Structures are given as C-alpha cells and as structure tokens.
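Structure file work_37.cif (mmCIF, C-alpha atoms and all ligand atoms) is printed below.
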data_start
#
loop_
_atom_site.label_atom_id
_atom_site.label_comp_id
_atom_site.auth_asym_id
_atom_site.auth_seq_id
_atom_site.Cartn_x
_atom_site.Cartn_y
_atom_site.Cartn_z
CA MET A 1 120.31 90.58 87.05
CA ILE A 2 116.88 91.13 88.63
CA TYR A 3 114.57 93.41 86.63
CA LEU A 4 112.23 95.37 88.88
CA LYS A 5 108.91 96.03 87.17
CA THR A 6 106.94 99.27 86.97
CA GLU A 7 103.26 99.42 87.90
CA ASP A 8 102.36 99.29 84.21
CA GLU A 9 104.51 96.22 83.68
CA ILE A 10 102.91 94.50 86.67
CA GLU A 11 99.50 95.09 85.07
CA LEU A 12 100.74 93.54 81.83
CA LEU A 13 102.05 90.54 83.78
CA ARG A 14 98.67 90.28 85.51
CA LYS A 15 96.87 90.09 82.14
CA ALA A 16 99.16 87.29 80.93
CA ASN A 17 98.66 85.43 84.20
CA ILE A 18 94.88 85.84 84.16
CA LEU A 19 94.93 84.25 80.71
CA VAL A 20 96.86 81.32 82.20
CA ALA A 21 94.28 81.06 84.99
CA ASP A 22 91.43 81.08 82.47
CA THR A 23 93.20 78.43 80.36
CA LEU A 24 93.65 76.17 83.39
CA ALA A 25 89.95 76.66 84.25
CA GLU A 26 89.04 75.48 80.73
CA ILE A 27 91.17 72.41 81.35
CA ALA A 28 89.46 71.84 84.72
CA LYS A 29 86.15 71.56 82.84
CA ILE A 30 87.29 68.58 80.77
CA VAL A 31 89.73 66.67 83.02
CA ARG A 32 88.18 63.26 83.60
CA PRO A 33 88.97 59.57 83.04
CA GLY A 34 89.32 58.81 79.32
CA VAL A 35 90.58 62.25 78.28
CA THR A 36 94.13 62.32 76.88
CA THR A 37 96.72 64.90 77.82
CA ARG A 38 97.05 65.68 74.10
CA GLN A 39 93.40 66.77 74.16
CA LEU A 40 94.19 69.07 77.11
CA ASP A 41 97.11 70.48 75.14
CA SER A 42 95.03 71.18 72.02
CA LEU A 43 92.38 72.93 74.09
CA ALA A 44 95.01 75.06 75.86
CA GLU A 45 96.83 76.04 72.68
CA GLN A 46 93.60 77.04 70.92
CA PHE A 47 92.35 79.01 73.94
CA ILE A 48 95.66 80.88 74.35
CA ARG A 49 95.91 81.76 70.64
CA ASP A 50 92.22 82.76 70.49
CA HIS A 51 93.05 85.35 73.16
CA GLY A 52 95.88 86.90 71.16
CA ALA A 53 98.71 85.28 73.09
CA THR A 54 101.29 82.60 72.40
CA PRO A 55 101.99 79.50 74.50
CA THR A 56 105.45 80.22 75.93
CA PHE A 57 106.36 76.56 76.36
CA LYS A 58 105.98 75.63 72.69
CA GLY A 59 109.40 75.39 71.06
CA PHE A 60 111.19 76.03 74.36
CA PRO A 61 114.84 75.09 73.85
CA ASN A 62 116.41 72.12 75.62
CA PRO A 63 120.20 72.00 75.87
CA CYS A 64 120.13 68.16 76.05
CA GLY A 65 117.49 67.31 73.44
CA PRO A 66 114.65 68.44 71.19
CA GLU A 67 112.76 71.67 71.82
CA TYR A 68 109.53 71.38 73.78
CA PRO A 69 106.79 70.15 71.40
CA ALA A 70 103.61 71.22 73.23
CA SER A 71 101.82 74.21 74.77
CA ILE A 72 101.44 72.84 78.30
CA CYS A 73 103.28 70.34 80.50
CA THR A 74 101.06 67.49 81.68
CA SER A 75 102.77 65.50 84.43
CA VAL A 76 100.83 62.40 85.47
CA ASN A 77 101.32 60.65 88.85
CA GLU A 78 105.07 59.96 89.29
CA VAL A 79 105.96 62.53 86.60
CA VAL A 80 107.06 65.59 88.57
CA VAL A 81 107.42 68.20 85.83
CA HIS A 82 107.72 68.68 82.05
CA GLY A 83 105.54 65.74 81.06
CA ILE A 84 104.90 65.90 77.30
CA PRO A 85 101.21 65.50 76.40
CA ASN A 86 100.44 62.14 74.75
CA ASP A 87 97.60 59.87 73.63
CA THR A 88 97.30 57.78 76.79
CA PRO A 89 93.84 58.32 78.33
CA LEU A 90 93.83 59.53 81.93
CA ARG A 91 92.55 56.89 84.34
CA ASP A 92 90.33 57.11 87.39
CA GLY A 93 92.59 57.85 90.38
CA ASP A 94 95.33 59.62 88.42
CA ILE A 95 96.61 63.08 89.20
CA VAL A 96 97.86 65.40 86.47
CA SER A 97 99.74 68.63 87.03
CA VAL A 98 99.15 71.06 84.21
CA ASP A 99 101.79 73.77 83.89
CA CYS A 100 100.85 76.57 81.52
CA GLY A 101 102.70 79.62 80.22
CA THR A 102 101.52 82.45 78.03
CA CYS A 103 103.12 85.44 76.40
CA LEU A 104 100.67 88.34 75.96
CA ASN A 105 101.76 91.79 74.73
CA GLY A 106 105.36 90.88 75.46
CA TYR A 107 104.86 89.73 79.06
CA CYS A 108 104.71 86.22 80.46
CA GLY A 109 102.27 84.32 82.61
CA ASP A 110 103.18 81.07 84.37
CA SER A 111 101.07 78.97 86.71
CA CYS A 112 100.51 75.30 87.47
CA TYR A 113 97.72 73.31 89.09
CA THR A 114 97.54 69.62 89.94
CA PHE A 115 94.15 68.13 89.04
CA THR A 116 92.54 64.95 90.31
CA VAL A 117 91.09 62.55 87.73
CA GLY A 118 87.92 60.90 88.97
CA GLU A 119 88.26 59.52 92.49
CA VAL A 120 91.79 59.64 93.92
CA SER A 121 92.95 57.92 97.09
CA GLU A 122 92.93 59.80 100.37
CA VAL A 123 96.76 59.77 100.61
CA VAL A 124 97.03 61.40 97.19
CA ARG A 125 94.38 63.95 98.08
CA VAL A 126 96.40 64.93 101.16
CA LEU A 127 99.57 65.27 99.03
CA LEU A 128 97.76 67.73 96.76
CA LYS A 129 96.26 69.67 99.64
CA THR A 130 99.63 69.92 101.38
CA THR A 131 101.46 71.02 98.23
CA LYS A 132 98.90 73.79 97.69
CA GLU A 133 99.35 74.80 101.33
CA CYS A 134 103.13 74.88 100.76
CA LEU A 135 102.58 77.34 97.92
CA TYR A 136 100.48 79.68 100.07
CA LYS A 137 102.86 79.37 103.01
CA GLY A 138 105.67 80.46 100.67
CA ILE A 139 103.56 83.31 99.32
CA ALA A 140 102.82 84.48 102.88
CA GLN A 141 106.56 85.08 103.32
CA ALA A 142 106.78 87.23 100.18
CA TYR A 143 106.92 90.88 101.16
CA ALA A 144 109.41 93.70 100.82
CA GLY A 145 112.39 93.33 103.14
CA HIS A 146 111.97 89.56 103.50
CA ARG A 147 114.34 87.20 101.68
CA LEU A 148 114.06 84.31 99.24
CA GLY A 149 115.28 81.96 101.97
CA ASP A 150 112.20 82.83 104.02
CA ILE A 151 109.98 81.58 101.18
CA GLY A 152 112.00 78.40 100.66
CA PHE A 153 112.14 77.68 104.37
CA ALA A 154 108.35 77.97 104.75
CA VAL A 155 107.71 75.62 101.81
CA GLN A 156 110.30 73.05 102.91
CA GLN A 157 109.27 73.12 106.54
CA HIS A 158 105.60 72.44 105.76
CA ALA A 159 106.33 69.64 103.26
CA GLU A 160 108.96 67.86 105.33
CA SER A 161 106.90 68.09 108.54
CA ARG A 162 104.36 65.91 106.69
CA GLY A 163 107.05 63.44 105.60
CA TYR A 164 107.14 64.57 101.96
CA GLY A 165 110.14 65.27 99.73
CA VAL A 166 111.04 68.69 98.32
CA VAL A 167 112.44 68.72 94.79
CA ARG A 168 115.82 70.46 94.59
CA GLU A 169 116.70 70.37 90.88
CA PHE A 170 113.81 72.56 89.74
CA VAL A 171 112.95 75.88 91.33
CA GLY A 172 110.80 78.96 90.92
CA HIS A 173 112.10 82.00 89.07
CA GLY A 174 111.76 85.66 88.25
CA ILE A 175 109.16 86.40 85.57
CA GLY A 176 108.71 89.31 83.19
CA ARG A 177 109.40 89.71 79.49
CA ASP A 178 111.13 86.35 79.82
CA MET A 179 109.43 83.38 81.44
CA HIS A 180 112.58 82.56 83.38
CA GLU A 181 114.39 85.56 84.80
CA ASP A 182 116.59 86.01 87.83
CA PRO A 183 116.39 85.24 90.68
CA GLN A 184 115.97 81.52 91.22
CA VAL A 185 113.34 80.79 93.88
CA PRO A 186 114.13 77.47 95.59
CA ASN A 187 111.56 75.52 97.59
CA TYR A 188 114.09 74.99 100.36
CA GLY A 189 116.28 77.38 102.26
CA GLU A 190 117.20 79.13 105.44
CA ARG A 191 115.34 81.95 107.09
CA GLY A 192 116.91 85.36 106.53
CA LYS A 193 119.18 84.11 103.71
CA GLY A 194 119.18 84.84 99.99
CA LYS A 195 118.19 87.87 97.92
CA GLN A 196 116.01 90.48 99.54
CA LEU A 197 112.52 91.04 98.14
CA LYS A 198 111.83 94.53 96.83
CA ASN A 199 108.90 96.39 95.32
CA GLY A 200 108.66 95.59 91.62
CA MET A 201 110.12 92.12 92.00
CA CYS A 202 107.98 89.55 90.15
CA ILE A 203 108.56 85.85 90.77
CA ALA A 204 106.96 82.47 90.23
CA ILE A 205 106.76 80.36 93.39
CA GLU A 206 106.26 76.69 92.51
CA PRO A 207 106.66 73.93 95.08
CA MET A 208 107.18 70.46 93.59
CA ILE A 209 106.50 67.99 96.40
CA THR A 210 106.95 64.22 96.32
CA MET A 211 105.11 61.63 98.37
CA GLY A 212 108.34 59.69 98.90
CA ASN A 213 111.97 60.50 98.30
CA HIS A 214 112.81 63.70 96.40
CA LYS A 215 115.32 61.99 94.08
CA LEU A 216 114.50 62.29 90.38
CA ALA A 217 115.19 60.61 87.05
CA MET A 218 114.85 61.86 83.45
CA LEU A 219 112.56 60.13 80.93
CA PRO A 220 114.04 59.06 77.56
CA ASP A 221 112.22 61.96 75.84
CA LYS A 222 114.71 64.28 77.66
CA TRP A 223 111.87 66.38 79.08
CA GLY A 224 109.75 64.41 81.51
CA VAL A 225 111.14 64.14 85.03
CA VAL A 226 109.93 61.34 87.31
CA THR A 227 110.43 60.39 90.94
CA ARG A 228 113.05 57.66 91.18
CA ASP A 229 110.91 55.69 93.67
CA GLY A 230 107.85 55.89 91.38
CA LYS A 231 105.71 57.62 94.01
CA PRO A 232 103.44 60.50 92.96
CA ALA A 233 104.39 64.17 93.02
CA ALA A 234 102.34 67.36 93.02
CA HIS A 235 103.09 70.85 91.70
CA PHE A 236 101.29 74.15 92.25
CA GLU A 237 102.55 77.50 91.00
CA HIS A 238 101.55 81.15 91.23
CA SER A 239 103.24 84.17 89.70
CA ILE A 240 103.36 87.05 92.17
CA ALA A 241 104.53 90.66 92.36
CA ILE A 242 105.88 92.56 95.33
CA HIS A 243 103.77 95.67 95.23
CA GLY A 244 103.35 98.42 97.86
CA GLY A 245 105.55 96.30 100.13
CA LYS A 246 103.11 93.39 99.98
CA VAL A 247 102.44 90.34 97.86
CA ASP A 248 100.11 90.66 94.88
CA ILE A 249 99.17 87.26 93.39
CA LEU A 250 98.99 87.74 89.62
CA SER A 251 97.70 84.30 88.66
CA SER A 252 94.58 82.77 90.21
CA PHE A 253 93.06 79.39 91.07
CA GLU A 254 89.62 80.86 91.74
CA ALA A 255 88.02 79.79 88.45
CA ILE A 256 89.60 76.32 88.63
CA GLU A 257 88.38 75.78 92.18
CA LYS A 258 84.88 76.89 91.19
CA VAL A 259 84.83 74.19 88.48
CA GLU A 260 86.21 71.60 90.92
CA GLN A 261 83.48 72.39 93.47
CA GLN A 262 80.79 71.95 90.82
CA ASN A 263 82.20 68.51 90.02
CA TYR A 264 81.91 67.24 93.59
MG MG B 301 105.13 76.89 85.28
MG MG B 302 107.53 78.48 86.49
#

Could you render the structure from this file as structure tokens?
Amino acid sequence: MIYLKTEDEIELLRKANILVADTLAEIAKIVRPGVTTRQLDSLAEQFIRDHGATPTFKGFPNPCGPEYPASICTSVNEVVVHGIPNDTPLRDGDIVSVDCGTCLNGYCGDSCYTFTVGEVSEVVRVLLKTTKECLYKGIAQAYAGHRLGDIGFAVQQHAESRGYGVVREFVGHGIGRDMHEDPQVPNYGERGKGKQLKNGMCIAIEPMITMGNHKLAMLPDKWGVVTRDGKPAAHFEHSIAIHGGKVDILSSFEAIEKVEQQNY
C-alpha cells in the first residue's frame, strides 16, 4: 500500500530530512583518521535529540537477531550497509558510509553519505564519485508518469558500465510516518516497468555499489553486511518527493560538501 503525501506532509518530511542532512554535516566535520565510529554515533544521537527528534535506527527490530543498538549505521570499506559503530579508529585511506534516520514530529528522514577518511586511493575515489552519480541519475528519472524501473535501470546502467556491482538484496523504499513504506525501490530494473510514480509519492533512492562482485555476506553480529570478495562498497541516499509532477529532493548533501571542500 503506497501512501501518497499531502503538501503539508511533504513539508514535515523535508524538516526531518534537513535534520538528517545537518547531522551528516556535523559528522563530516569530525571524520578523520583516529576517530571511532562510536564517536560519530554519539555525536549524531546527541545532535538529533537536541533538535527534538529521535534516531529512527535505534532499537530497530531484526527478525534474525538483536535490535539495532546505535543511532547511525557506519559501514567501513567492505561493509556495504548496517555496520554497527564500534571502537576501532578509522584509518587513513578508509571510506565510511554513514546512514542516518530521524523521526521528527511523526515523520521520517533517511539519507546516507560515504565519507573519505584522510587520503583515499584514486580507484576508491572514483567508486564514490560514480555511486553519487548513480544516485543523481536515478533521481533524474523520478517524475510523475515515469516508473520505478526507470530509476533502477538508470542506476544499474551507470554502475555496470563502469564495471561495478549493484547490490540486489537491499533496496530503496517509500518513506513517510514509517521509515520503510511501500514501494520497494530497487537499484536495478527495466525501463518502463514497475509502479508508476505519482504526485505525493515519497521515496528513498539509495544505490549500494560494489567495486567488485555484488555478492554479499552477513557479519556475525547479524547486522553488518559485507562484500563476499572483500572489495569496498559505497552508498549514497536521498529521500525525495514527487511534487508538481517533478522531483523534489528532501534531504541535502550541500552542507556536507561544503565541509568536504574546506578540508581539501
Ligand atoms: Mg538510509
Ligand atoms: Mg533508506
């Protein structure tokens, strides 16, 4: 069941997503070699709660194991998604995707950004750049009358043309009062197939792209998901609304990118 949102609801979703964007920008300021992902998590949780919201991920149920213990997912290098923050310091050359969700006034925000730690290799930098491009190529297909398959096709086509893998087991999703609503938004697909996009539809588009094979394995903590070949993966996510026939990006990377530019 896809819930179409009113204009007022879209504004509430925007507020929750701007809080996610601001939280990720705070993280951008402190990501560097020596920082632990637990420190990133503490900062995020405090920042979200200080702004009157709750971190949606904390306590998220898991049918196969314990509920999610942290406020963000921090997935380092070969960890694709759902990495649990820990006390291992980040090292020069690592990448860390930080996925963040908030619930503000009953509406959810969800966005993810993959950060570089210190100096990363050129091949890794290109993986990140391409994954971000995949996200925007998917977003460019999101308008009323188009279909979910058009989004998936655009993402898959761009990633695979560069020799990368597209994760199949995890997909984007509708977003609203619940973080995960219908429909599922795969990062692969066929043009002209799948559910049609309509005004009021709000979805998270989130390509997860691997440098090697797209096959995955689960970590013993029953949350973290890694590439089976041990090669790095990147993940970028925006929440968007279909609004006036066109795409309206509710989350933002602007503040994060401003911090990144200052660091280089
Ligand atoms: Mg997310
Ligand atoms: Mg999501």

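Comparing the minimum interatomic distances between Thr88 of chain A and each of A:Val35, A:Cys112, A:Leu135, A:Lys129, counting all atoms listed in the file, we find that A:Val35 sits nearest.
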
Let me have all residues with an atom within 12 Å of ligand MG 302 (chain B), counting only C-alpha atoms and all ligand atoms, laid out as a ChimeraX atom specification. /A:17,20,56-57,72-73,81-82,98-102,108-113,170-176,178-186,202-208,235-240,251

Go ahead and fit an axis-aligned box to every listed atom of segment 213-226 of chain A plus 5 Å each side, and pass me the centre and edge lengths in Å, one decimal, as lines of an AutoDock Vina configuration file.
center_x = 112.5
center_y = 62.7
center_z = 87.1
size_x = 15.6
size_y = 17.3
size_z = 32.5

Shell around segment 21-33 of chain A at 6 Å using all atoms listed in the file, local window under 2 positions removed, as an NGL selection string: :A and (18-19 or 35 or 44 or 90-92 or 117-118 or 251-252 or 255-256)

Given the selection you just returned, output its residues as a file containing C-alpha atoms, formatted as a compact mmCIF listing (two decimals), in the frame of the given file.
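Output file again26.txt follows:
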# COMPACT_ATOMS: atom_id res chain seq x y z
CA ILE A 18 94.88 85.84 84.16
CA LEU A 19 94.93 84.25 80.71
CA VAL A 35 90.58 62.25 78.28
CA ALA A 44 95.01 75.06 75.86
CA LEU A 90 93.83 59.53 81.93
CA ARG A 91 92.55 56.89 84.34
CA ASP A 92 90.33 57.11 87.39
CA VAL A 117 91.09 62.55 87.73
CA GLY A 118 87.92 60.90 88.97
CA SER A 251 97.70 84.30 88.66
CA SER A 252 94.58 82.77 90.21
CA ALA A 255 88.02 79.79 88.45
CA ILE A 256 89.60 76.32 88.63

Å distance separating atom CA of Arg38 of chain A from atom CA of Glu122 of chain A, one decimal place: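 Result for atom CA of Arg38 of chain A versus atom CA of Glu122 of chain A: 27.2 Å, one decimal.
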
Long-range neighbours of Pro232 of chain A as a PyMOL selection string, 10 Å cut-off, only C-alpha atoms, 5 positions minimum in chain: chain A and resi 75-80+94-96+124+127-128+209-212+226-227

In Å, rounded to a single decimal, give me how far atom CA of Pro85 of chain A is from atom CA of Ser97 of chain A. 11.2 Å

As an exercise, work out the distance from atom CA of Asp221 of chain A to atom CA of Asp41 of chain A in Å and give it to one decimal place.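 Distance reported for this atom pair: 17.4 Å.
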
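Taking only C-alpha atoms into account, the residues near (117.3, 88.6, 101.8), no farther than 9 Å, are Gly145, His146, Arg147, Leu148, Gly149, Asp150, Arg191, Gly192, Lys193, Gly194, Lys195, Gln196 and Leu197 of chain A.
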
So, with all atoms listed in the file as the atoms that count, which of A:Pro61, A:Thr74, A:Val126, A:Gly52 lies closest to ligand MG 301 (chain B)?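 Answer, going by the shortest atom-to-atom distance: A:Thr74.
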
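With all atoms listed in the file as the atoms that count, the minimum distance from Thr114 of chain A to the choices A:Thr130, A:Ala144, A:Met1, A:Gly152 is reached by A:Thr130.
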
Find the spatial neighbours of Lys137 of chain A, counting only C-alpha atoms, within a cut-off of 8 Å - ignore same-chain residues fewer than 2 positions away - and output them as a compact mmCIF listing (two decimals) with C-alpha atoms, keeping the file's coordinate frame.
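Here's the written file around_20.txt:
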# COMPACT_ATOMS: atom_id res chain seq x y z
CA GLU A 133 99.35 74.80 101.33
CA CYS A 134 103.13 74.88 100.76
CA LEU A 135 102.58 77.34 97.92
CA ILE A 139 103.56 83.31 99.32
CA ALA A 140 102.82 84.48 102.88
CA GLN A 141 106.56 85.08 103.32
CA ILE A 151 109.98 81.58 101.18
CA ALA A 154 108.35 77.97 104.75
CA VAL A 155 107.71 75.62 101.81
CA HIS A 158 105.60 72.44 105.76

Distance criterion (all atoms listed in the file): nearest to ligand MG 301 (chain B) out of A:Ser71, A:Gly59, A:Arg162, A:Ile48: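 Closest candidate: A:Ser71.
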
Minimum-distance residue to ligand MG 301 (chain B), chosen among A:Gly83, A:Lys231, A:Gly65, A:Pro220 (using all atoms listed in the file):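 Using all atoms listed in the file, the shortest distance to ligand MG 301 (chain B) belongs to A:Gly83.
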